[in-house]
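Please read the structure below before turning to the comments.
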Amino acid sequence: MTQPTDTLEAMNGTTRPRPLLDHSLAELDALFAGFGEPRYRARQAARWALKRGVTDFEAMSDIPAALRARLATEFTLSAPPVLATTAADDGATTKVLLDLGGGAAVEAVRMAYDPDEPLALGRVTVCVSTQVGCAMGCVFCATGQQGFTRNLSASEIVAQVLHFTRQGRVNNVVFMGMGEPLANTSATLAAIRWLVDADGLDMRARGITVSTVGLRAGIRRLADEGLQVGLTISLHAPDDALRRRLIPTAGGTTIDELVAAAREYIERRGRRVTFAYALLDGVNDSEEQARRLASRIRGIQAHVNLIPYNPTAGAGLRRPSPQRVRAFHEALLAEGINATVRMERGVDIAAACGQLRTDFATRADALTLA
Ligand code: SAH
Ligand code: SF4
């Protein structure tokens, strides 16, 4: 995609400034060295961009003025404009729709709690998107129903976290917004490096969780990073036939293969893996299905996170009653499987995935039609 433009620019002898945070720290070190600058300057600029969240090179007051001017011609450092904000739970959950330009927008959510560890008080979790839309087509997911538009760059992923760190502390980052992070692995990993680097946001790798529909090559690359990043694999069914109906693109990968991938991740990274399971009324929520699920994942250090379906427009699916959710949960526990039910806060703004974007688009359409 960028090839023709790059070639054109090369022919014109110009290069468009690139987002600073689309470069790795190693690349920045090399580029700054090329400007004749000492090595530490790249890290200094990174600290301003991440720890301080500045959006203007002029604000980097301990960097010499001449270099600041040079940086402003070589790089960009902008914050995406906010198109919409919605809040729930008396402000404990906030969702923003960020404008990435060219008609593309993604959502990010801030939760003043940890949705998967409600007892850990005082934690702030930010949920980020990795793609505009998603190609995986899960039938229960608003993003999946939107189709795929494009991958986000590392800087666009980091920008979502920075939007919230400018307002205060963030402890956890979960890759559970719009899109499939491991269908955009390079940008996802580059963003994670900025989050954990001491000269970046300096976050704990253990506070970061990547949720995947189950792309094994990406899981392996995540493990190769050598970081203790948490991994969630979205399973949603106890058998492959049902899983293929819910995730039409899952065809090539079986549940057994995903359990094997989870086992390998646990062995290599020493971190428990979570299996996400969206509960759909009358589809995958019977006690019998809970027992079958238990038999497939028994024996590994896994945990099941049950997510009662968040109704999204047009899918014709329903959220199970609290009684059915409880029965499914208890059936797993009775089988010796560690399981929790995702905290339901923020549900009125559909904090799970994709929905703000859908609402927003629908409202815009309605306005156009009116
Ligand atoms: N693409 C990744 C991460 C984004 S979705 C993945 O699929 O894992 C984050 C989680 O929200 C996934 O477990 C996904 O299955 C779940 N999810 C998506 N839409 C949902 C809905 N309407 N109700 C409940 N869970 C949903
Ligand atoms: Fe994509 Fe995840 Fe939604 Fe499936 S659930 S369509 S993988 S974002």
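Each chain in the structure tokens gets a letter, A, B, ..., in the order shown, and its residues are numbered from 1; ligands are numbered from 1 in order too.
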Under the rule of at most 9 Å, produce a per-residue listing of chain A near ligand 1: chain, number, name, the closest pair of atoms, and the distance in Å, as CSV, using only C-alpha atoms and all ligand atoms.
residue,atom,partner,partner_atom_place_in_ligand_line,distance
A:Val128,CA,ligand 1,4 (C),8.8
A:Ser129,CA,ligand 1,4 (C),7.5
A:Thr130,CA,ligand 1,4 (C),8.5
A:Cys134,CA,ligand 1,1 (N),7.5
A:Met136,CA,ligand 1,1 (N),7.8
A:Cys138,CA,ligand 1,15 (O),7.6
A:Val139,CA,ligand 1,19 (N),8.5
A:Phe140,CA,ligand 1,22 (N),5.1
A:Cys141,CA,ligand 1,19 (N),3.7
A:Ala142,CA,ligand 1,19 (N),6.2
A:Thr143,CA,ligand 1,19 (N),7.4
A:Gly144,CA,ligand 1,19 (N),8.1
A:Val174,CA,ligand 1,3 (C),8.9
A:Phe175,CA,ligand 1,3 (C),6.1
A:Met176,CA,ligand 1,4 (C),3.8
A:Gly177,CA,ligand 1,4 (C),4.9
A:Met178,CA,ligand 1,4 (C),5.6
A:Gly179,CA,ligand 1,1 (N),5.0
A:Glu180,CA,ligand 1,1 (N),3.6
A:Pro181,CA,ligand 1,1 (N),6.3
A:Leu182,CA,ligand 1,1 (N),8.0
A:Ala183,CA,ligand 1,1 (N),8.7
A:Val210,CA,ligand 1,3 (C),7.4
A:Ser211,CA,ligand 1,8 (O),4.2
A:Thr212,CA,ligand 1,8 (O),3.8
A:Val213,CA,ligand 1,7 (O),4.2
A:Gly214,CA,ligand 1,8 (O),7.4
A:Thr232,CA,ligand 1,8 (O),6.8
A:Ile233,CA,ligand 1,8 (O),6.1
A:Ser234,CA,ligand 1,13 (O),4.7
A:Leu235,CA,ligand 1,13 (O),7.8
A:His236,CA,ligand 1,15 (O),7.2
A:Phe275,CA,ligand 1,13 (O),8.1
A:Ala276,CA,ligand 1,13 (O),4.9
A:Tyr277,CA,ligand 1,13 (O),6.5
A:Ala278,CA,ligand 1,25 (N),4.8
A:Leu279,CA,ligand 1,24 (C),7.1
A:Leu280,CA,ligand 1,23 (N),8.3
A:Asn305,CA,ligand 1,13 (O),8.6
A:Leu306,CA,ligand 1,25 (N),8.6
A:Ile307,CA,ligand 1,24 (C),5.2
A:Pro308,CA,ligand 1,24 (C),5.7
A:Tyr309,CA,ligand 1,23 (N),3.6
A:Asn310,CA,ligand 1,23 (N),3.8
A:Pro311,CA,ligand 1,22 (N),5.5
A:Thr312,CA,ligand 1,22 (N),5.5
A:Arg319,CA,ligand 1,23 (N),8.3
A:Ala350,CA,ligand 1,22 (N),7.8
A:Ala351,CA,ligand 1,11 (O),8.9
A:Ala352,CA,ligand 1,11 (O),5.1
A:Cys353,CA,ligand 1,18 (C),5.0
A:Gly354,CA,ligand 1,19 (N),7.1
A:Gln355,CA,ligand 1,22 (N),7.9
Out of region 87-336 of chain A, which residues get strand (DSSP E or B) from DSSP, as a PyMOL selection string?
chain A and resi 87-88+93-101+104-111+125-127+131-133+148-151+172-175+208-212+230-234+273-279+302-308
From region 233-337 of chain A, collect each residue whose DSSP state is helix (DSSP H, G or I) and return the set as JSON, numbers by chain.
{"A": [240, 241, 242, 243, 244, 245, 246, 248, 249, 250, 251, 252, 255, 256, 257, 258, 259, 260, 261, 262, 263, 264, 265, 266, 267, 268, 269, 287, 288, 289, 290, 291, 292, 293, 294, 295, 296, 297, 322, 323, 324, 325, 326, 327, 328, 329, 330, 331, 332, 333, 334]}
Could you jot down the CA of Ala205 (chain A) to CA of Arg272 (chain A) separation for me, Å, one decimal place?
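It comes out at 13.5 Å.
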With only C-alpha atoms as the counted atoms, please give the residues lying no more than 6 Å from region 91-101 of chain A, apart from itself and same-chain residues fewer than 2 positions off, as a PyMOL selection string.
chain A and resi 80-89+103-112+346
Report, in Å with one decimal, the straight-line distance from CA of Ala223 (chain A) to CA of Leu20 (chain A).
26.1 Å
Can you pull out the residues contacting Ala49 (chain A)? Cut-off 9 Å, using only C-alpha atoms, and skip same-chain residues under 3 positions away; I want them as a PyMOL selection string.
chain A and resi 20-21+44-46+52-57+60+77+162+200
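Using only C-alpha atoms for every distance, the candidate list A:Arg216, A:Ser286, A:Asp62, A:Asp224 yields A:Arg216 as the residue closest to Ala260 (chain A).
Of the listed residues A:Leu50, A:Val196, A:Leu215, A:Leu25, the one whose atoms come nearest to ligand 2 is A:Leu215, with distances taken using only C-alpha atoms and all ligand atoms.
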Residue among A:Gln301, A:Gly251, A:Asp202, A:Ala190 lying closest to Arg221 (chain A), counting only C-alpha atoms:
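Smallest separation from Arg221 (chain A) among the options: A:Ala190.
When only C-alpha atoms are used to compute distances to Gly270 (chain A), the closest of the residues A:Ala79, A:Leu231, A:Ile192, A:Leu242 turns out to be A:Leu231.
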How many Å lie between CA of Arg342 (chain A) and CA of Ser155 (chain A), rounded to one decimal?
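Straight-line distance from CA of Arg342 (chain A) to CA of Ser155 (chain A) works out to 29.1 Å.
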